[in-house]
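Peer 1: One file is attached below, target04.txt, containing compact mmCIF, C-alpha atoms.
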```txt
# COMPACT_ATOMS: atom_id res chain seq x y z
CA MET A 1 0.00 0.00 0.00
CA SER A 2 1.51 3.30 -1.04
CA THR A 3 0.84 6.51 0.84
CA THR A 4 1.14 9.88 -0.82
CA PRO A 5 3.44 12.30 0.98
CA PRO A 6 1.90 15.42 2.52
CA ARG A 7 1.69 18.30 0.08
CA LEU A 8 1.65 22.02 0.70
CA VAL A 9 -1.51 23.73 -0.52
CA GLU A 10 -1.56 27.53 -0.73
CA VAL A 11 -4.73 28.92 0.76
CA ARG A 12 -4.39 32.66 1.55
CA GLN A 13 -7.81 33.08 3.13
CA ASN A 14 -8.87 35.30 5.97
CA ILE A 15 -9.82 33.23 8.97
CA LEU A 16 -12.85 35.41 9.59
CA LYS A 17 -13.90 35.42 5.92
CA HIS A 18 -17.41 34.18 6.80
CA ASN A 19 -17.84 37.04 9.25
CA ASP A 20 -16.39 39.51 6.74
CA LEU A 21 -18.78 38.32 4.02
CA VAL A 22 -21.83 38.66 6.27
CA ALA A 23 -20.59 42.08 7.44
CA ARG A 24 -20.18 43.26 3.86
CA GLU A 25 -23.69 42.10 3.03
CA LEU A 26 -25.05 43.87 6.12
CA ARG A 27 -23.25 47.09 5.16
CA ARG A 28 -24.83 46.93 1.72
CA ARG A 29 -28.27 46.40 3.29
CA PHE A 30 -27.78 49.30 5.69
CA ASP A 31 -26.64 51.54 2.84
CA ASP A 32 -29.66 50.57 0.73
CA ALA A 33 -31.97 51.35 3.66
CA ARG A 34 -30.07 54.61 4.31
CA VAL A 35 -29.66 53.79 7.98
CA PHE A 36 -26.44 54.89 9.69
CA VAL A 37 -25.09 52.17 11.97
CA VAL A 38 -22.99 52.92 15.04
CA SER A 39 -21.41 50.27 17.25
CA LEU A 40 -20.25 50.87 20.82
CA VAL A 41 -17.43 48.96 22.50
CA SER A 42 -15.92 49.34 25.96
CA SER A 43 -14.94 47.40 29.04
CA PRO A 44 -17.80 46.24 31.30
CA GLY A 45 -19.09 49.13 33.38
CA ALA A 46 -17.76 51.99 31.25
CA GLY A 47 -21.27 53.37 30.89
CA LYS A 48 -22.26 52.14 27.42
CA THR A 49 -25.87 51.52 28.36
CA ALA A 50 -26.35 54.85 30.19
CA PHE A 51 -24.71 56.69 27.27
CA LEU A 52 -26.89 54.88 24.75
CA GLU A 53 -30.04 55.46 26.80
CA LYS A 54 -29.30 59.20 26.87
CA THR A 55 -28.44 59.23 23.17
CA LEU A 56 -31.62 57.38 22.14
CA ALA A 57 -33.92 59.47 24.31
CA THR A 58 -32.41 62.76 23.13
CA MET A 59 -32.47 61.83 19.44
CA LEU A 60 -36.09 60.65 19.70
CA THR A 61 -37.51 63.61 21.56
CA THR A 62 -35.62 66.81 22.38
CA HIS A 63 -33.03 67.00 19.61
CA ARG A 64 -33.99 69.04 16.55
CA PRO A 65 -34.53 67.45 14.14
CA THR A 66 -35.69 64.29 15.87
CA TYR A 67 -34.48 60.99 14.47
CA ARG A 68 -35.87 57.49 14.07
CA VAL A 69 -33.54 55.32 16.13
CA ALA A 70 -33.29 51.75 17.39
CA ALA A 71 -30.74 49.64 19.24
CA LEU A 72 -29.41 46.10 19.37
CA VAL A 73 -27.69 45.22 22.61
CA GLY A 74 -25.38 42.28 23.18
CA ASP A 75 -24.75 40.65 26.55
CA LEU A 76 -23.58 37.27 27.76
CA ALA A 77 -26.75 36.89 29.82
CA THR A 78 -29.91 38.74 30.95
CA GLU A 79 -32.18 41.14 29.12
CA ASN A 80 -31.56 43.89 31.67
CA ASP A 81 -29.90 46.29 29.26
CA ALA A 82 -32.71 46.00 26.72
CA ILE A 83 -35.23 46.74 29.46
CA ARG A 84 -33.22 49.80 30.56
CA LEU A 85 -32.82 51.07 27.00
CA ALA A 86 -36.51 50.56 26.24
CA ARG A 87 -37.25 53.33 28.76
CA SER A 88 -36.04 55.70 26.04
CA GLN A 89 -39.13 54.59 23.99
CA ALA A 90 -36.85 53.48 21.15
CA PRO A 91 -37.28 49.97 19.73
CA VAL A 92 -34.65 47.78 21.38
CA ARG A 93 -33.69 44.16 20.93
CA GLN A 94 -31.40 42.08 23.12
CA ILE A 95 -28.88 39.62 21.71
CA VAL A 96 -27.95 37.11 24.41
CA THR A 97 -24.63 35.63 23.33
CA GLY A 98 -24.45 32.87 25.95
CA THR A 99 -20.76 32.09 26.32
CA VAL A 100 -19.56 34.20 23.38
CA CYS A 101 -17.61 37.26 24.52
CA HIS A 102 -18.31 39.45 21.48
CA LEU A 103 -20.90 40.08 18.77
CA GLU A 104 -20.40 38.62 15.28
CA ALA A 105 -21.94 39.78 12.02
CA ALA A 106 -24.18 36.71 11.80
CA MET A 107 -25.73 37.57 15.19
CA ILE A 108 -26.64 41.03 13.88
CA GLU A 109 -28.07 39.53 10.71
CA LYS A 110 -30.18 37.03 12.66
CA ALA A 111 -31.43 39.66 15.12
CA ILE A 112 -32.51 41.95 12.28
CA GLU A 113 -34.25 39.13 10.45
CA GLU A 114 -36.16 38.11 13.57
CA TRP A 115 -37.12 41.71 14.31
CA ARG A 116 -40.25 41.50 12.24
CA ASP A 117 -41.96 44.70 13.35
CA LEU A 118 -38.93 46.83 12.52
CA LYS A 119 -37.75 47.69 9.02
CA MET A 120 -34.29 49.13 8.46
CA GLU A 121 -35.82 51.51 5.92
CA ASP A 122 -37.83 53.13 8.72
CA LEU A 123 -34.70 54.11 10.68
CA ASP A 124 -32.18 56.93 10.52
CA PHE A 125 -29.78 55.40 13.05
CA LEU A 126 -29.23 51.89 14.39
CA PHE A 127 -26.99 51.49 17.43
CA ILE A 128 -25.26 48.24 18.31
CA GLU A 129 -24.01 47.88 21.88
CA ASN A 130 -21.33 45.19 21.93
CA VAL A 131 -20.61 42.88 24.85
CA GLY A 132 -18.47 44.66 27.47
CA ASN A 133 -14.98 43.57 26.43
CA LEU A 134 -11.97 45.54 25.18
CA VAL A 135 -10.25 42.60 23.47
CA CYS A 136 -12.41 40.28 21.41
CA PRO A 137 -14.79 42.69 19.61
CA SER A 138 -11.85 44.28 17.77
CA SER A 139 -11.55 41.35 15.35
CA TYR A 140 -15.16 41.30 14.16
CA ASP A 141 -16.62 43.63 11.54
CA LEU A 142 -20.35 44.06 12.20
CA GLY A 143 -21.12 46.04 9.06
CA GLU A 144 -21.25 49.26 11.07
CA ASN A 145 -20.45 52.70 9.63
CA LEU A 146 -18.86 53.99 12.80
CA ARG A 147 -17.16 52.18 15.66
CA VAL A 148 -17.09 54.07 18.93
CA VAL A 149 -14.88 53.09 21.87
CA LEU A 150 -15.85 54.33 25.32
CA LEU A 151 -13.49 54.99 28.21
CA SER A 152 -14.84 56.12 31.57
CA VAL A 153 -12.94 58.51 33.82
CA THR A 154 -13.04 55.88 36.59
CA GLU A 155 -11.02 53.35 34.58
CA GLY A 156 -7.56 54.86 34.52
CA GLU A 157 -5.89 56.99 31.89
CA ASP A 158 -3.59 54.20 30.64
CA LYS A 159 -6.35 51.90 29.35
CA PRO A 160 -5.68 52.85 25.71
CA LEU A 161 -2.06 51.68 26.14
CA LYS A 162 -3.22 48.40 27.67
CA TYR A 163 -5.77 47.73 24.90
CA PRO A 164 -4.26 49.43 21.84
CA THR A 165 -5.96 47.18 19.27
CA ILE A 166 -9.53 48.14 20.15
CA PHE A 167 -8.63 51.84 20.16
CA ASN A 168 -6.79 51.43 16.88
CA THR A 169 -9.76 49.75 15.17
CA ALA A 170 -12.29 52.32 16.43
CA ASP A 171 -13.18 55.55 14.64
CA VAL A 172 -14.07 57.74 17.61
CA ALA A 173 -13.38 57.72 21.35
CA ILE A 174 -15.86 58.91 23.98
CA ILE A 175 -14.72 59.65 27.51
CA THR A 176 -17.72 58.97 29.77
CA LYS A 177 -18.74 59.81 33.36
CA ALA A 178 -17.18 63.27 33.10
CA ASP A 179 -19.23 64.28 36.17
CA LEU A 180 -16.99 61.97 38.24
CA ALA A 181 -13.68 63.28 36.87
CA ASP A 182 -12.81 65.47 39.85
CA ALA A 183 -13.81 62.84 42.39
CA VAL A 184 -11.37 60.32 40.92
CA ASP A 185 -8.61 62.82 40.03
CA PHE A 186 -8.95 62.00 36.35
CA ASP A 187 -5.95 63.23 34.38
CA ALA A 188 -7.67 64.29 31.15
CA ALA A 189 -4.46 65.38 29.43
CA ALA A 190 -2.88 61.96 30.03
CA ALA A 191 -5.97 60.14 28.73
CA LEU A 192 -6.04 62.24 25.56
CA ARG A 193 -2.29 61.76 25.07
CA ASN A 194 -2.58 57.98 25.46
CA ILE A 195 -5.46 57.73 23.01
CA GLN A 196 -3.51 59.80 20.49
CA ALA A 197 -0.45 57.58 21.02
CA VAL A 198 -2.30 54.43 19.91
CA ARG A 199 -4.52 56.14 17.33
CA PRO A 200 -3.06 59.45 16.13
CA GLY A 201 -5.69 61.89 14.92
CA MET A 202 -8.61 60.15 16.60
CA ARG A 203 -11.67 62.33 17.34
CA ILE A 204 -12.30 62.34 21.09
CA MET A 205 -15.37 63.68 22.88
CA THR A 206 -16.03 63.91 26.60
CA VAL A 207 -19.56 63.41 27.94
CA SER A 208 -21.61 62.92 31.06
CA SER A 209 -24.70 60.80 30.49
CA LYS A 210 -25.92 61.98 33.89
CA THR A 211 -25.73 65.75 33.38
CA GLY A 212 -25.93 65.74 29.58
CA ALA A 213 -22.64 67.62 29.26
CA GLY A 214 -20.99 66.97 25.89
CA MET A 215 -24.10 65.34 24.41
CA PRO A 216 -24.83 68.16 21.91
CA GLU A 217 -21.33 67.84 20.43
CA TRP A 218 -21.74 64.05 20.16
CA LEU A 219 -25.16 64.32 18.50
CA ASN A 220 -23.98 66.99 16.06
CA PHE A 221 -21.02 64.80 15.23
CA LEU A 222 -23.35 61.82 14.58
CA ALA A 223 -25.61 63.86 12.32
CA ALA A 224 -22.62 65.19 10.36
CA SER A 225 -21.14 61.68 10.03
CA ALA A 226 -24.41 60.30 8.69
CA ASP A 227 -24.64 63.17 6.17
CA ARG A 228 -21.06 62.57 5.04
CA ARG A 229 -21.57 58.82 4.88
CA VAL A 230 -19.75 57.28 1.97
CA ILE A 231 -21.78 54.57 0.30
CA SER A 232 -19.45 51.60 0.06
CA PRO A 233 -18.53 50.56 -3.48
CA GLU A 234 -19.56 47.18 -5.02
CA MET B 1 -10.91 35.05 25.13
CA HIS B 2 -12.15 34.48 21.60
CA GLU B 3 -9.19 32.38 20.49
CA LEU B 4 -11.22 29.17 20.68
CA SER B 5 -13.76 30.51 18.20
CA ILE B 6 -10.88 31.71 15.98
CA ALA B 7 -9.37 28.20 16.20
CA MET B 8 -12.73 26.69 15.24
CA SER B 9 -12.90 29.02 12.22
CA ILE B 10 -9.44 27.79 11.17
CA VAL B 11 -10.64 24.17 11.38
CA GLU B 12 -13.75 25.00 9.36
CA LEU B 13 -11.69 26.75 6.69
CA ALA B 14 -9.17 23.87 6.50
CA GLU B 15 -11.95 21.30 6.14
CA GLU B 16 -13.38 23.26 3.20
CA GLU B 17 -9.95 23.24 1.58
CA ILE B 18 -9.61 19.47 2.02
CA GLU B 19 -12.91 19.04 0.29
CA LYS B 20 -11.76 21.23 -2.59
CA ASN B 21 -8.25 19.79 -2.92
CA GLY B 22 -8.77 16.19 -1.92
CA GLY B 23 -7.00 14.58 1.03
CA THR B 24 -7.99 13.12 4.33
CA GLN B 25 -5.68 14.64 6.86
CA VAL B 26 -4.12 18.01 7.64
CA HIS B 27 -0.60 17.83 9.08
CA ALA B 28 0.05 21.52 9.52
CA VAL B 29 -1.65 24.90 9.20
CA HIS B 30 0.48 27.93 8.33
CA LEU B 31 -0.91 31.16 9.67
CA LYS B 32 -0.14 34.86 9.45
CA LEU B 33 -1.04 36.69 12.64
CA GLY B 34 -0.76 40.48 12.74
CA LEU B 35 0.20 42.15 15.99
CA LEU B 36 -2.97 44.26 15.61
CA SER B 37 -5.26 41.32 14.84
CA GLY B 38 -6.64 41.20 18.37
CA VAL B 39 -5.67 37.53 18.67
CA VAL B 40 -3.08 36.34 21.19
CA LYS B 41 -0.63 33.77 19.81
CA ASP B 42 -0.26 31.66 22.97
CA ALA B 43 -3.98 31.54 23.62
CA LEU B 44 -4.59 30.51 20.02
CA LEU B 45 -1.96 27.76 20.22
CA SER B 46 -3.54 26.33 23.35
CA SER B 47 -7.07 26.45 21.88
CA PHE B 48 -6.05 24.92 18.56
CA GLY B 49 -5.56 21.33 19.77
CA LEU B 50 -8.99 21.38 21.36
CA ALA B 51 -10.66 22.70 18.21
CA CYS B 52 -8.96 20.01 16.11
CA GLU B 53 -10.14 17.04 18.18
CA GLY B 54 -12.22 14.60 16.17
CA THR B 55 -11.59 16.43 12.87
CA ALA B 56 -9.27 15.91 9.90
CA LEU B 57 -6.90 18.29 11.68
CA ALA B 58 -6.45 16.14 14.79
CA GLY B 59 -2.77 16.13 15.79
CA SER B 60 -1.84 18.87 13.31
CA ARG B 61 0.71 21.61 14.01
CA LEU B 62 -0.13 25.30 13.94
CA MET B 63 2.75 27.30 12.49
CA ILE B 64 2.30 30.99 13.29
CA GLU B 65 4.19 33.77 11.56
CA GLU B 66 3.72 36.97 13.52
CA VAL B 67 3.36 40.01 11.28
CA PRO B 68 4.76 43.32 12.59
CA VAL B 69 2.85 46.58 12.20
CA ILE B 70 3.77 48.84 9.30
CA ALA B 71 2.15 52.25 8.91
CA TYR B 72 2.36 54.99 6.31
CA CYS B 73 4.27 58.07 7.40
CA ALA B 74 2.91 61.12 5.57
CA ARG B 75 5.90 63.26 6.47
CA CYS B 76 8.43 60.77 5.07
CA ASP B 77 5.98 59.64 2.37
CA ALA B 78 7.05 56.07 3.10
CA PRO B 79 5.90 52.90 4.87
CA ARG B 80 7.54 52.65 8.29
CA PRO B 81 7.60 49.88 10.91
CA VAL B 82 5.80 50.74 14.16
CA SER B 83 7.96 49.33 16.90
CA SER B 84 5.30 49.51 19.64
CA VAL B 85 1.53 49.28 19.29
CA GLU B 86 1.38 51.58 22.32
CA TRP B 87 3.01 54.36 20.36
CA PHE B 88 2.16 54.91 16.70
CA VAL B 89 5.07 57.05 15.68
CA CYS B 90 7.49 57.06 12.73
CA PRO B 91 10.86 55.64 13.84
CA GLU B 92 12.68 58.03 11.46
CA CYS B 93 11.02 61.43 11.87
CA ARG B 94 8.93 60.85 15.07
CA ALA B 95 5.71 62.03 13.38
CA PRO B 96 2.51 60.29 14.50
CA VAL B 97 1.35 57.67 11.99
CA SER B 98 -2.25 56.51 11.71
CA GLN B 99 -2.66 54.66 8.43
CA VAL B 100 -1.97 50.99 9.14
CA LEU B 101 -0.67 49.15 6.07
CA GLN B 102 0.15 45.83 7.69
CA GLY B 103 -0.40 44.13 11.02
CA ARG B 104 -4.12 43.27 11.04
CA GLU B 105 -3.59 39.90 9.28
CA LEU B 106 -5.54 36.92 10.48
CA GLN B 107 -4.95 34.63 7.56
CA VAL B 108 -4.41 30.97 6.72
CA VAL B 109 -1.53 31.00 4.24
CA ALA B 110 -1.07 27.30 3.50
CA LEU B 111 -1.99 23.80 4.61
CA GLU B 112 0.03 20.61 4.60
CA ILE B 113 -2.48 18.05 3.42
CA GLN B 114 -2.24 14.30 2.97
```
Could I get this file's structure written as structure tokens?
Peer 2:
Amino acid sequence: MSTTPPRLVEVRQNILKHNDLVARELRRRFDDARVFVVSLVSSPGAGKTAFLEKTLATMLTTHRPTYRVAALVGDLATENDAIRLARSQAPVRQIVTGTVCHLEAAMIEKAIEEWRDLKMEDLDFLFIENVGNLVCPSSYDLGENLRVVLLSVTEGEDKPLKYPTIFNTADVAIITKADLADAVDFDAAAALRNIQAVRPGMRIMTVSSKTGAGMPEWLNFLAASADRRVISPE
Amino acid sequence: MHELSIAMSIVELAEEEIEKNGGTQVHAVHLKLGLLSGVVKDALLSSFGLACEGTALAGSRLMIEEVPVIAYCARCDAPRPVSSVEWFVCPECRAPVSQVLQGRELQVVALEIQ
């Protein structure tokens, strides 16, 4: 019996090609529906949900013009965040990931398909709150137009240096819980310097979801980004 | 820790290639792993054996080539290596660099198939 020797086969394929394909298809769908999609990533407890709740409520009601908004929220377990966000009156859907520490494009696709009473065409903005994690979400394209990384003043100014990849793959940084900055001796200059070290030129905004400080700048930025949106080729 | 799901994606991809190219067993997987890929080499190596169990990749080796970060320096008008992912700066002129040209790779380059 003869055995053939092992042979080397060139492959050159991205490991996450399935995710990338689904993400590309999602981006095309979002573009067709003219909905601007924003994803939020941060460590657990950085204030993503409070920030999103404030953003949704303001865009729906007091901001002029008002916008049609909705949110998908990923967590390992519980529907607590969806319940909190629903207080804003925006349509919200929870994605429970079970043991998976990040959202993947296929989870977004499935959630949208199962969301029968919501059409993408009826939205101006869709927000995606990722699982609280500064490592794993960086590898997965969700088809979003804008990836926002949040850093709270209570976390320490050197977080960007500890997690450079997530900052480097995000488009915008938001410093949250600004109302607590004095209480924790937050060194704003150091935080800004560290973000710029891992992602030179990054747009950084500072907000307080509690007092509303910084929210107008964030909302104006969102509106301008959606207006400037480049429809992806293909 | 998402290295196990990355390892499972590698197994899935390799099994598709076996189907395309013929063969029954994978002896080795050659991988390019960028320093900005968000995947940790050691964690991936320790997850890989587990992901391979009971598949055509059982017992295979994972050969990882780590890819350094290269960014475009506008001031030098040239690609430059970034020596630390904590500090995106041109090693020649010290200007900040933001356009990453290389270092996000997460790619299966080749398989040794029998």
Peer 1: Could you tell me how far CA of Val108 in chain B lies from CA of Ile64 in chain B, in Å and to one decimal?
Peer 2: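 It comes out at 9.4 Å.
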Peer 1: What are the residues of chain B lining chain A at 10 Å or less? Count all atoms listed in the file, and put the answer as a ChimeraX atom specification.
Peer 2: /B:1-3,5-14,17-18,21,23,25-32,35-40,84-89,95-100,104-114
Peer 1: If you measure from CA of Val148 in chain A to CA of Ile174 in chain A, what distance in Å do you get, rounded to one decimal?
Peer 2: 7.1 Å
Peer 1: Measure the distance from CA of Asp122 in chain A to CA of Met59 in chain A in Å and round it to one decimal.
Peer 2: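 Between CA of Asp122 in chain A and CA of Met59 in chain A the gap is 14.8 Å.
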Peer 1: Once 6 Å is added on each side, what centre and edge lengths in Å to one decimal does the axis-aligned box around all listed atoms of range 104-110 of chain A have, as lines of an AutoDock Vina configuration file?
Peer 2:
```
center_x = -25.3
center_y = 38.9
center_z = 13.0
size_x = 21.8
size_y = 16.3
size_z = 16.6
```
Peer 1: With all atoms listed in the file as the counted atoms, please give the residues lying no more than 7 Å from range 67-83 of chain A, apart from itself and same-chain residues fewer than 6 positions off, as a list in words.
Peer 2: Thr49, Leu56, Met59, Leu60, Ala90, Pro91, Val92, Arg93, Gln94, Ile95, Val96, Thr97, Gly98, Thr99, Val100, Cys101, Leu103, Leu123, Asp124, Phe125, Leu126, Phe127, Ile128, Glu129, Asn130 and Val131 of chain A
Peer 1: Dump as an mmCIF file with C-alpha atoms, in the frame of the given file all residues having an atom at most 8 Å from (2.1, 47.4, 9.8), computed in the file's coordinates with all atoms listed in the file.
Peer 2:
```
data_model
loop_
_atom_site.group_PDB
_atom_site.id
_atom_site.type_symbol
_atom_site.label_atom_id
_atom_site.label_comp_id
_atom_site.auth_asym_id
_atom_site.auth_seq_id
_atom_site.Cartn_x
_atom_site.Cartn_y
_atom_site.Cartn_z
ATOM 1 C CA VAL B 67 3.360 40.010 11.280
ATOM 2 C CA PRO B 68 4.760 43.320 12.590
ATOM 3 C CA VAL B 69 2.850 46.580 12.200
ATOM 4 C CA ILE B 70 3.770 48.840 9.300
ATOM 5 C CA ALA B 71 2.150 52.250 8.910
ATOM 6 C CA ARG B 80 7.540 52.650 8.290
ATOM 7 C CA PRO B 81 7.600 49.880 10.910
ATOM 8 C CA VAL B 82 5.800 50.740 14.160
ATOM 9 C CA VAL B 100 -1.970 50.990 9.140
ATOM 10 C CA LEU B 101 -0.670 49.150 6.070
ATOM 11 C CA GLN B 102 0.150 45.830 7.690
ATOM 12 C CA GLY B 103 -0.400 44.130 11.020
ATOM 13 C CA ARG B 104 -4.120 43.270 11.040
#
```
Peer 1: Given the choices A:Asp171, A:Glu217, A:Glu157, A:Asp31, which gets closest to Ala189 in chain A if the distance is worked out from only C-alpha atoms?
Peer 2: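 So, comparing all the options, the nearest one is A:Glu157.
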Peer 1: Using only C-alpha atoms, which residues sit within 12 Å of Asp182 in chain A once same-chain residues fewer than 6 positions away are excluded, as a list in words?
Peer 2: Val153, Thr154 and Ala188 of chain A
Peer 1: Nearest to Glu15 in chain B among B:Arg75, B:Ser47, B:Arg61, B:Cys52, with distances taken over all atoms listed in the file: which residue is it?
Peer 2: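 Result for the nearest residue to Glu15 in chain B: B:Cys52.
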